file input-v4.txt (compact mmCIF, C-alpha atoms)
# COMPACT_ATOMS: atom_id res chain seq x y z
CA MET T 1362 0.00 0.00 0.00
CA LEU T 1363 2.84 2.35 0.96
CA ASP T 1364 4.82 1.45 -2.19
CA PHE T 1365 1.75 2.12 -4.27
CA HIS T 1366 1.24 5.63 -2.92
CA ILE T 1367 4.83 6.89 -3.05
CA PRO T 1368 5.00 7.03 -6.90
CA ALA T 1369 1.59 8.74 -6.91
CA LEU T 1370 2.94 11.32 -4.47
CA GLY T 1371 5.98 11.65 -6.74
CA CYS T 1372 3.66 12.44 -9.67
CA VAL T 1373 1.93 15.15 -7.64
CA LEU T 1374 5.23 16.69 -6.52
CA ALA T 1375 6.66 16.47 -10.05
CA SER T 1376 3.60 18.33 -11.33
CA PHE T 1377 4.19 21.16 -8.88
CA ILE T 1378 7.88 21.31 -9.83
CA LEU T 1379 6.98 21.43 -13.51
CA ALA T 1380 4.44 24.19 -12.83
CA TYR T 1381 7.11 26.14 -10.91
CA LEU T 1382 9.57 25.75 -13.79
CA ALA T 1383 6.87 27.04 -16.16
CA TRP T 1384 6.07 29.95 -13.82
CA ILE T 1385 9.65 31.28 -13.61
CA ARG T 1386 9.93 31.52 -17.40
CA PRO T 1387 9.11 34.86 -19.00
CA LYS T 1388 6.96 33.04 -21.57
CA LYS T 1389 4.34 31.03 -19.70
CA ASP T 1390 3.21 27.54 -20.70
CA ILE T 1391 -0.41 27.14 -19.64
CA VAL T 1392 -0.27 23.35 -20.09
CA ALA T 1393 2.67 22.91 -17.72
CA LEU T 1394 1.14 25.44 -15.31
CA SER T 1395 -2.06 23.43 -15.07
CA THR T 1396 -0.44 20.04 -14.34
CA PRO T 1397 -0.94 20.33 -10.53
CA ILE T 1398 -4.70 20.47 -11.17
CA TYR T 1399 -4.53 17.23 -13.14
CA SER T 1400 -2.34 15.56 -10.52
CA PHE T 1401 -4.93 16.55 -7.93
CA ILE T 1402 -7.75 15.08 -10.04
CA PHE T 1403 -5.88 11.87 -10.88
CA PHE T 1404 -4.16 11.08 -7.61
CA ILE T 1405 -5.84 12.91 -4.74
CA VAL T 1406 -9.56 13.12 -5.51
CA PRO T 1407 -11.11 9.74 -4.55
CA THR T 1408 -12.55 7.96 -7.59
CA ASP T 1409 -13.94 4.55 -8.48
CA PHE T 1410 -10.90 3.97 -10.69
CA SER T 1411 -7.68 2.74 -9.20
CA THR T 1412 -4.64 5.01 -9.69
CA GLY T 1413 -2.60 2.00 -10.72
CA VAL T 1414 0.97 1.72 -11.87
CA LEU T 1415 -0.02 2.17 -15.53
CA LEU T 1416 -1.62 5.56 -14.83
CA GLN T 1417 1.43 6.65 -12.82
CA VAL T 1418 3.82 5.57 -15.55
CA LEU T 1419 1.77 7.29 -18.26
CA TYR T 1420 1.50 10.41 -16.12
CA ALA T 1421 5.26 10.43 -15.50
CA VAL T 1422 5.90 10.02 -19.24
CA SER T 1423 3.51 12.91 -19.96
CA LEU T 1424 5.31 15.14 -17.45
CA THR T 1425 8.65 14.26 -19.04
CA LEU T 1426 7.33 15.18 -22.49
CA LEU T 1427 5.93 18.45 -21.10
CA LEU T 1428 9.30 19.20 -19.50
CA VAL T 1429 11.08 18.68 -22.82
CA ARG T 1430 8.44 20.85 -24.53
CA LEU T 1431 8.90 23.53 -21.87
CA LYS T 1432 12.64 23.56 -22.32
CA TYR T 1433 12.61 23.82 -26.10
CA ARG T 1434 9.49 25.91 -26.73
CA PHE T 1435 9.35 28.25 -23.77
CA GLY T 1436 13.00 29.23 -23.39
CA ARG T 1437 15.23 29.43 -20.41
CA PRO T 1438 14.11 30.17 -16.87
CA GLY T 1439 15.14 33.75 -17.50
CA ASN T 1440 14.82 36.64 -15.17
CA ALA T 1441 11.10 36.29 -14.61
CA ALA T 1442 11.65 35.92 -10.88
CA LEU T 1443 14.10 38.79 -10.83
CA LEU T 1444 12.16 41.15 -13.08
CA GLY T 1445 10.75 43.85 -10.91
CA LYS T 1446 13.47 43.45 -8.30
CA GLU T 1447 16.79 44.17 -9.97
CA LEU T 1448 18.32 44.83 -13.35
CA GLY T 1449 19.64 41.91 -15.31
CA GLY T 1450 21.42 40.88 -18.48
CA SER T 1451 22.60 43.36 -21.09
CA LEU T 1452 20.65 46.19 -19.47
CA LYS T 1453 22.55 45.89 -16.21
CA THR T 1454 25.89 45.82 -18.02
CA TYR T 1455 24.95 48.85 -20.12
CA VAL T 1456 23.71 50.86 -17.13
CA GLU T 1457 26.94 50.13 -15.24
CA GLU T 1458 29.12 50.96 -18.25
CA THR T 1459 27.48 54.35 -18.78
CA ARG T 1460 27.29 55.30 -15.10
CA ASP T 1461 30.44 57.45 -15.08
CA ALA T 1462 29.59 59.24 -18.31
CA LEU T 1463 26.14 60.15 -17.01
CA SER T 1464 27.27 61.09 -13.51
CA GLY T 1465 26.84 64.81 -14.28
CA THR T 1466 23.12 64.41 -14.89
CA SER T 1467 21.04 66.51 -12.52
CA HIS T 1468 18.30 64.87 -10.48
CA GLU T 1469 15.68 66.92 -12.29
CA VAL T 1470 16.84 65.80 -15.74
CA ALA T 1471 17.12 62.20 -14.53
CA HIS T 1472 13.58 62.33 -13.18
CA ASN T 1473 12.41 63.66 -16.53
CA ALA T 1474 14.35 60.86 -18.21
CA ALA T 1475 12.44 58.33 -16.08
CA LEU T 1476 9.15 60.00 -16.99
CA VAL T 1477 10.02 59.97 -20.68
CA PHE T 1478 10.99 56.28 -20.61
CA VAL T 1479 7.97 55.13 -18.61
CA ARG T 1480 5.49 57.19 -20.65
CA PHE T 1481 7.01 55.89 -23.86
CA ALA T 1482 6.89 52.27 -22.67
CA GLU T 1483 3.22 52.74 -21.70
CA GLY T 1484 2.43 54.03 -25.18
CA ASN T 1485 1.54 57.50 -23.88
CA TYR T 1486 3.47 59.16 -26.68
CA GLU T 1487 2.00 62.63 -26.27
CA ASP T 1488 3.09 62.69 -22.61
CA ALA T 1489 6.49 61.23 -23.53
CA ALA T 1490 7.01 63.97 -26.12
CA GLN T 1491 5.96 66.60 -23.58
CA SER T 1492 8.32 65.27 -20.89
CA ALA T 1493 11.16 65.11 -23.42
CA LYS T 1494 10.46 68.71 -24.37
CA THR T 1495 10.51 69.73 -20.70
CA ALA T 1496 13.85 67.98 -20.26
CA LEU T 1497 15.26 69.57 -23.40
CA PHE T 1498 14.32 73.10 -22.50
CA GLY T 1499 14.83 72.79 -18.77
CA GLU T 1500 18.53 72.01 -18.89
CA LYS T 1501 21.49 73.78 -20.42
CA ALA T 1502 23.21 71.32 -22.70
CA GLY T 1503 26.82 71.07 -21.62
CA ASP T 1504 29.44 68.72 -23.04
CA GLN T 1505 28.69 65.98 -20.51
CA VAL T 1506 24.99 65.84 -21.12
CA SER T 1507 24.75 66.58 -24.82
CA PRO T 1508 24.24 62.92 -25.86
CA LEU T 1509 21.43 62.75 -23.31
CA MET T 1510 19.89 65.91 -24.72
CA ARG T 1511 20.15 64.42 -28.20
CA ALA T 1512 18.42 61.30 -26.83
CA PHE T 1513 15.56 63.45 -25.53
CA GLY T 1514 15.31 65.11 -28.93
CA ILE T 1515 15.19 61.75 -30.72
CA ILE T 1516 12.53 60.39 -28.37
CA ARG T 1517 10.50 63.55 -28.72
CA GLU T 1518 10.61 63.28 -32.50
CA HIS T 1519 9.63 59.58 -32.47
CA SER T 1520 6.91 60.11 -29.86
CA THR T 1521 5.34 62.88 -31.91
CA LEU T 1522 5.40 60.69 -35.02
CA LEU T 1523 3.98 57.69 -33.15
CA ASP T 1524 1.26 59.76 -31.52
CA THR T 1525 0.00 60.79 -34.93
CA SER T 1526 0.82 57.45 -36.60
CA GLN T 1527 3.18 59.13 -39.06
CA PRO T 1528 5.79 57.19 -41.04
CA ARG T 1529 9.53 57.79 -40.94
CA PRO T 1530 10.34 61.28 -42.26
CA LEU T 1531 13.03 61.83 -44.88
CA THR T 1532 15.20 63.71 -42.42
CA TYR T 1533 15.40 62.72 -38.78
CA LEU T 1534 17.52 63.17 -35.67
CA THR T 1535 20.37 60.76 -34.92
CA PHE T 1536 23.31 60.58 -32.56
CA SER T 1537 26.63 62.02 -33.63
CA GLU T 1538 29.79 59.99 -34.17
CA LYS T 1539 31.25 61.15 -30.85
CA ASP T 1540 28.25 59.77 -28.95
CA SER T 1541 29.09 56.21 -30.06
CA PRO T 1542 30.85 55.13 -26.83
CA LEU T 1543 27.65 55.84 -24.92
CA LEU T 1544 25.33 53.98 -27.23
CA ALA T 1545 24.05 50.48 -26.54
CA LYS T 1546 23.81 49.58 -30.20
CA PRO T 1547 26.76 50.41 -32.44
CA ARG T 1548 26.21 52.58 -35.49
CA LEU T 1549 25.91 50.60 -38.69
CA PRO T 1550 28.74 50.80 -41.21
CA VAL T 1551 26.17 50.57 -44.04
CA HIS T 1552 23.73 53.45 -44.41
CA ASP T 1553 20.23 52.01 -44.12
CA PRO T 1554 17.82 54.84 -43.20
CA GLU T 1555 15.15 52.49 -41.85
CA THR T 1556 17.53 50.64 -39.51
CA GLU T 1557 19.37 53.84 -38.55
CA PHE T 1558 16.12 55.61 -37.68
CA TYR T 1559 14.88 52.87 -35.34
CA ALA T 1560 18.33 52.11 -33.89
CA ALA T 1561 18.57 55.78 -32.89
CA LEU T 1562 15.31 55.42 -30.95
CA ASP T 1563 16.49 52.23 -29.21
CA ASN T 1564 19.78 53.90 -28.26
CA ALA T 1565 18.00 57.04 -27.08
CA LEU T 1566 15.57 55.10 -24.90
CA LEU T 1567 18.36 53.03 -23.37
CA LEU T 1568 20.41 56.14 -22.71
CA VAL T 1569 17.57 57.91 -20.90
CA PHE T 1570 16.89 54.69 -18.96
CA SER T 1571 20.51 54.60 -17.83
CA ALA T 1572 20.49 58.31 -16.92
CA ALA T 1573 17.30 57.87 -14.93
CA TRP T 1574 18.58 54.74 -13.19
CA ASN T 1575 21.93 56.23 -12.27
CA ALA T 1576 20.81 59.69 -11.17
CA SER T 1577 17.25 59.28 -9.89
CA GLU T 1578 17.07 56.48 -7.33
CA PRO T 1579 13.43 57.17 -6.30
CA ASP T 1580 12.33 56.40 -9.88
CA ARG T 1581 13.95 52.97 -9.95
CA PRO T 1582 10.78 51.00 -9.07
CA HIS T 1583 9.01 52.57 -12.08
CA LEU T 1584 11.96 51.77 -14.31
CA LEU T 1585 12.07 48.19 -13.04
CA ALA T 1586 8.42 47.80 -13.96
CA CYS T 1587 9.41 48.59 -17.56
CA GLN T 1588 12.54 46.45 -17.54
CA ALA T 1589 11.16 43.85 -19.96
CA PHE T 1590 10.62 46.61 -22.53
CA ALA T 1591 14.13 47.98 -21.98
CA GLN T 1592 15.60 44.48 -22.43
CA LYS T 1593 13.69 44.15 -25.70
CA LEU T 1594 15.42 47.24 -27.07
CA PHE T 1595 18.73 45.39 -27.18
CA THR T 1596 17.42 42.95 -29.79
CA MET Z 15 -24.49 33.14 -44.55
CA LYS Z 16 -25.54 36.78 -44.23
CA ILE Z 17 -27.88 37.96 -41.44
CA GLY Z 18 -28.55 41.68 -41.88
CA ASN Z 19 -25.16 43.27 -42.54
CA VAL Z 20 -23.28 40.55 -40.66
CA ASP Z 21 -21.59 37.76 -42.56
CA VAL Z 22 -22.02 34.82 -40.18
CA LYS Z 23 -19.53 31.96 -40.41
CA VAL Z 24 -20.21 28.62 -38.75
CA SER Z 25 -17.15 26.65 -37.72
CA ILE Z 26 -16.51 23.27 -39.26
CA VAL Z 27 -16.54 21.79 -35.74
CA ALA Z 28 -20.15 22.95 -35.16
CA ILE Z 29 -21.20 21.47 -38.50
CA ALA Z 30 -19.38 18.22 -37.73
CA VAL Z 31 -21.13 17.95 -34.35
CA PHE Z 32 -24.50 18.56 -36.01
CA VAL Z 33 -23.86 15.94 -38.71
CA ILE Z 34 -22.62 13.30 -36.23
CA PHE Z 35 -25.61 13.77 -33.93
CA SER Z 36 -27.99 13.79 -36.93
CA ILE Z 37 -26.64 10.42 -38.08
CA PHE Z 38 -26.77 9.10 -34.55
CA LEU Z 39 -30.36 10.29 -34.11
CA PHE Z 40 -31.41 8.87 -37.48
CA PHE Z 41 -30.18 5.37 -36.66
CA ALA Z 42 -31.43 5.55 -33.09
CA SER Z 43 -34.92 6.53 -34.28
CA VAL Z 44 -34.95 3.75 -36.91
CA PHE Z 45 -34.08 1.05 -34.41
CA SER Z 46 -35.68 2.34 -31.22
CA PRO Z 47 -39.40 3.15 -30.79
CA ASP Z 48 -38.52 4.95 -27.53
CA VAL Z 49 -36.35 7.43 -29.42
CA ARG Z 50 -39.05 7.91 -32.08
CA SER Z 51 -41.49 9.00 -29.40
CA GLN Z 52 -39.02 11.64 -28.22
CA LEU Z 53 -38.31 13.11 -31.67
CA ILE Z 54 -40.59 16.06 -30.99
CA TRP Z 55 -37.95 17.57 -28.73
CA LEU Z 56 -34.87 15.72 -30.04
CA ILE Z 57 -35.09 17.32 -33.51
CA PRO Z 58 -35.36 20.92 -32.23
CA GLY Z 59 -32.55 20.03 -29.80
CA LEU Z 60 -30.46 18.82 -32.71
CA PHE Z 61 -31.01 22.05 -34.61
CA MET Z 62 -30.01 24.03 -31.54
CA LEU Z 63 -26.54 22.52 -32.00
CA LEU Z 64 -26.36 24.56 -35.17
CA VAL Z 65 -28.47 27.55 -34.16
CA ILE Z 66 -26.53 28.35 -30.96
CA PRO Z 67 -23.09 28.61 -32.69
CA ILE Z 68 -24.69 30.68 -35.47
CA ALA Z 69 -26.31 33.02 -32.91
CA LEU Z 70 -23.07 33.34 -30.95
CA ASN Z 71 -21.10 34.05 -34.11
CA TYR Z 72 -23.68 36.61 -35.22
CA MET Z 73 -23.57 38.38 -31.84
CA SER Z 74 -19.77 38.44 -31.61
CA ARG Z 75 -19.31 39.56 -35.22
CA SER Z 76 -21.91 42.32 -34.92
CA GLN Z 77 -20.23 43.51 -31.70
CA TYR Z 78 -16.83 43.50 -33.40
CA ALA Z 79 -18.28 45.37 -36.37
CA ASP Z 80 -19.56 48.06 -33.95
CA ILE Z 81 -16.31 48.51 -32.04
CA ALA Z 82 -13.90 48.24 -35.00
CA PRO Z 83 -14.35 51.91 -36.08
CA VAL Z 84 -13.71 53.08 -32.49
CA TYR Z 85 -10.45 51.13 -32.35
CA GLU Z 86 -9.53 52.26 -35.83
CA ALA Z 87 -9.83 55.88 -34.73
CA GLN Z 88 -7.90 55.43 -31.48
CA ALA Z 89 -5.20 52.91 -32.42
CA LYS Z 90 -1.65 54.13 -32.97
CA THR Z 91 0.48 52.51 -35.66
CA LEU Z 92 3.39 50.81 -33.97
CA ARG Z 93 6.28 48.50 -34.71
CA ILE Z 94 5.76 45.17 -32.98
CA LYS Z 95 8.89 45.65 -30.88
CA LEU Z 96 7.33 48.60 -29.08
CA ILE Z 97 4.43 46.53 -27.75
CA ASN Z 98 5.12 45.55 -24.15
CA GLU Z 99 3.47 44.69 -20.81
CA SER Z 100 3.10 48.35 -19.83
CA MET Z 101 0.78 48.89 -22.79
CA VAL Z 102 -1.92 46.49 -21.63
CA GLY Z 103 -5.31 47.98 -22.54
CA LYS Z 104 -3.97 50.27 -25.30
CA PRO Z 105 -5.47 50.09 -28.78
CA VAL Z 106 -2.75 49.45 -31.37
CA ARG Z 107 -2.34 48.97 -35.09
CA VAL Z 108 0.46 46.84 -36.52
CA GLU Z 109 1.35 45.80 -40.02
CA GLY Z 110 3.22 42.62 -40.77
CA VAL Z 111 3.38 39.27 -42.42
CA VAL Z 112 1.40 36.30 -41.11
CA GLU Z 113 3.86 33.61 -40.10
CA ARG Z 114 1.45 31.07 -38.60
CA VAL Z 115 -2.29 30.52 -38.24
CA HIS Z 116 -3.87 28.33 -35.54
CA PHE Z 117 -7.43 27.33 -34.56
CA GLN Z 118 -9.03 28.75 -37.68
CA ILE Z 119 -11.50 25.82 -37.83
CA LEU Z 120 -12.78 26.75 -34.36
CA ASN Z 121 -13.59 30.33 -35.47
CA ARG Z 122 -11.10 31.49 -32.85
CA PRO Z 123 -8.05 32.12 -35.02
CA GLN Z 124 -4.65 32.95 -33.60
CA TYR Z 125 -1.99 34.42 -35.84
CA ILE Z 126 1.70 35.04 -35.42
CA VAL Z 127 2.33 38.35 -37.15
CA ALA Z 128 5.86 39.63 -37.69
CA ASP Z 129 7.45 42.82 -38.95
CA ARG Z 130 11.13 43.77 -39.23
CA SER Z 131 11.29 44.49 -35.49
CA GLY Z 132 9.76 41.28 -34.09
CA ALA Z 133 6.76 38.99 -33.92
CA ILE Z 134 3.60 38.96 -31.81
CA SER Z 135 0.68 36.65 -31.20
CA VAL Z 136 -2.65 38.00 -32.42
CA LYS Z 137 -5.74 36.38 -30.92
CA MET Z 138 -9.19 36.79 -32.34
CA PHE Z 139 -12.29 35.64 -30.47
CA THR Z 140 -14.53 35.49 -33.53
CA SER Z 141 -14.11 34.70 -37.20
CA PRO Z 142 -12.31 37.36 -39.25
CA ASP Z 143 -13.90 39.20 -42.19
CA GLU Z 144 -11.27 37.88 -44.55
CA ASP Z 145 -9.67 34.47 -44.94
CA VAL Z 146 -6.15 35.25 -43.76
CA LYS Z 147 -3.42 32.78 -44.67
CA VAL Z 148 0.28 32.34 -43.96
CA ASN Z 149 2.49 34.86 -45.82
CA ASP Z 150 -0.36 37.37 -46.25
CA ILE Z 151 0.63 40.92 -45.36
CA VAL Z 152 -1.97 42.22 -42.95
CA GLU Z 153 -3.02 45.22 -40.91
CA VAL Z 154 -4.07 44.24 -37.40
CA ILE Z 155 -6.10 46.52 -35.12
CA GLY Z 156 -6.72 45.47 -31.55
CA GLN Z 157 -5.97 45.90 -27.89
CA VAL Z 158 -2.87 44.80 -26.02
CA ILE Z 159 -3.70 42.12 -23.47
CA ARG Z 160 -1.75 39.56 -21.49
CA ARG Z 161 -1.75 36.05 -22.93
CA TYR Z 162 -3.44 34.56 -19.84
CA ILE Z 163 -5.40 37.66 -18.72
CA VAL Z 164 -3.32 38.38 -15.61
CA THR Z 165 0.03 36.94 -16.65
CA GLY Z 166 2.01 36.01 -19.73
CA ASP Z 167 3.57 37.95 -22.54
CA PRO Z 168 1.66 40.76 -24.28
CA VAL Z 169 -0.49 39.70 -27.22
CA ILE Z 170 -3.01 41.55 -29.37
CA ASN Z 171 -6.71 40.94 -28.84
CA CYS Z 172 -7.62 41.45 -32.48
CA VAL Z 173 -10.68 43.46 -33.43
CA SER Z 174 -9.91 43.64 -37.12
CA ILE Z 175 -7.43 41.90 -39.41
CA ARG Z 176 -7.25 43.00 -43.05
CA LYS Z 177 -5.12 41.81 -45.89
CA ILE Z 178 -2.95 44.54 -47.35
CA LYS Z 179 -1.32 42.17 -49.80
CA ASN Z 180 -2.05 38.52 -50.63
CA SER Z 181 0.62 35.83 -50.32
call {"tool": "encode", "arguments": {"input": "input-v4.txt", "output": "structure tokens"}}
result
Amino acid sequence: MLDFHIPALGCVLASFILAYLAWIRPKKDIVALSTPIYSFIFFIVPTDFSTGVLLQVLYAVSLTLLLVRLKYRFGRPGNAALLGKELGGSLKTYVEETRDALSGTSHEVAHNAALVFVRFAEGNYEDAAQSAKTALFGEKAGDQVSPLMRAFGIIREHSTLLDTSQPRPLTYLTFSEKDSPLLAKPRLPVHDPETEFYAALDNALLLVFSAAWNASEPDRPHLLACQAFAQKLFT
Amino acid sequence: MKIGNVDVKVSIVAIAVFVIFSIFLFFASVFSPDVRSQLIWLIPGLFMLLVIPIALNYMSRSQYADIAPVYEAQAKTLRIKLINESMVGKPVRVEGVVERVHFQILNRPQYIVADRSGAISVKMFTSPDEDVKVNDIVEVIGQVIRRYIVTGDPVINCVSIRKIKNS
């Protein structure tokens, strides 16, 4: 009797482990997440049918197949558990690398940078453009902050275009050659206006994220909430 | 089938269920006098298997037809990459190529639509106006939602999907 129940208990525990592994992945697998419910129905709820060895073996095989599926179709157990608590991956490296260069950023500009990033991530492009404008006109652009000011200008331009669903204009703002060390994505050797236009936006957003993170600590929880979007900008 | 201005589409699954139960009822009534005596409510019941999906499809499609212009007016045209969790609830418009189509026979199609910046899952909870296939270039209008309502990656709850260019 004891031998008979231990594998059944194993199936239940394995289901919970599989569900946990599915939960910590950024891309959720609803099938793996629901396995504890099935284990409860099969092995815990009393039924007229015996939960024999065959059922346990078939259930264990099913869990194994789901685990393989989870691994290959739903990616690695990324930072899902960490998202919302701390920075990770390329974003963390980039923020640390640009910390010194952005150290001269005032708290006010950094707060505006946080506002711009969060509003943009939320799709509130009108507000993002307005906050970028406030940042642009509220700070004197010195040598240290000029790439950041250019970033605000780029985001403002893109936000205005997005807000009115306008396509890429023929002429647009980009970073200068000397800004390259501060940019997350290197400038392309080949001139492709489409790629250049959108890469400038990605670089601008990441730069304002870094400025906000490094110089405005109270805004960090808001930035962490948008971390998944910031991570996406590296791709 | 057109009811008013709404083009109602019945899923192949609903038709299959109706046909299977019709055959089953036919043979049961031939061989069983008990079943024959119950035909007065079994036949209307059988037709309800077809009428209910048609009514549901009519209601959902007429609702979608009503809200589509509202979304069309409010949605902002975005690259897929810009769609993220913080945008849940926002109406959006994306253009891209259809990479995969699932569950079309259930009248609940799900598409994977991609542009140069990325790919996104597009879920539709009724049948689309047009028969969208893989490699079609489409314009999608809908609302950003989470895949499993409260969790999961952002997907588009599609209100309208239109072919811009055929495959």
call {"tool": "atom_distance", "arguments": {"input": "input-v4.txt", "atom1": "CA of Val112 in chain Z", "atom2": "CA of Val146 in chain Z"}}
result
8.1 Å
call {"tool": "residues_near_point", "arguments": {"input": "input-v4.txt", "point": "(18.7, 57.0, -14.4)", "cutoff": "12 Å", "atoms": "only C-alpha atoms", "output": "PyMOL selection string"}}
result
chain T and resi 1453+1455-1457+1459-1479+1509+1566-1585
call {"tool": "interface_residues", "arguments": {"input": "input-v4.txt", "of": "chain T", "to": "chain Z", "cutoff": "10 Å", "atoms": "only C-alpha atoms", "output": "MDAnalysis selection string"}}
result
chainID T and resid 1384 1386:1391 1479:1486 1522:1528 1555:1556 1559 1563 1586:1591 1593:1594 1596
call {"tool": "residues_around", "arguments": {"input": "input-v4.txt", "residues": "range 1540-1542 of chain T", "least_positions_apart": "2", "cutoff": "10 Å", "atoms": "all atoms listed in the file", "output": "ChimeraX atom specification"}}
result
/T:1458-1459,1462,1507-1509,1511,1535-1538,1544-1548,1564
call {"tool": "closest_residue", "arguments": {"input": "input-v4.txt", "among": "Z:Val49, Z:Ile170, Z:Ile54, Z:Val84", "to": "Tyr125 in chain Z", "atoms": "only C-alpha atoms"}}
result
Z:Ile170
call {"tool": "atom_distance", "arguments": {"input": "input-v4.txt", "atom1": "CA of Arg122 in chain Z", "atom2": "CA of Ile66 in chain Z"}}
result
15.9 Å
call {"tool": "atom_distance", "arguments": {"input": "input-v4.txt", "atom1": "CA of Ile1515 in chain T", "atom2": "CA of Ile134 in chain Z"}}
result
25.6 Å
call {"tool": "axis_aligned_box", "arguments": {"input": "input-v4.txt", "around": "range 148-167 of chain Z", "padding_each_side": "6 Å", "output": "lines of an AutoDock Vina configuration file"}}
result
center_x = -1.6
center_y = 39.4
center_z = -30.9
size_x = 22.3
size_y = 26.2
size_z = 42.6
call {"tool": "residues_near_point", "arguments": {"input": "input-v4.txt", "point": "(-9.6, 50.5, -36.8)", "cutoff": "9 Å", "atoms": "only C-alpha atoms", "output": "PyMOL selection string"}}
result
chain Z and resi 81-89+106-107+154-156+173-174
call {"tool": "closest_residue", "arguments": {"input": "input-v4.txt", "among": "Z:Asn171, Z:Gln157, Z:Ser46, Z:Ser36", "to": "Phe139 in chain Z", "atoms": "all atoms listed in the file"}}
result
Z:Asn171
call {"tool": "closest_residue", "arguments": {"input": "input-v4.txt", "among": "Z:Gln77, Z:Asn149, Z:Ser135, Z:Thr140", "to": "Glu113 in chain Z", "atoms": "all atoms listed in the file"}}
result
Z:Asn149
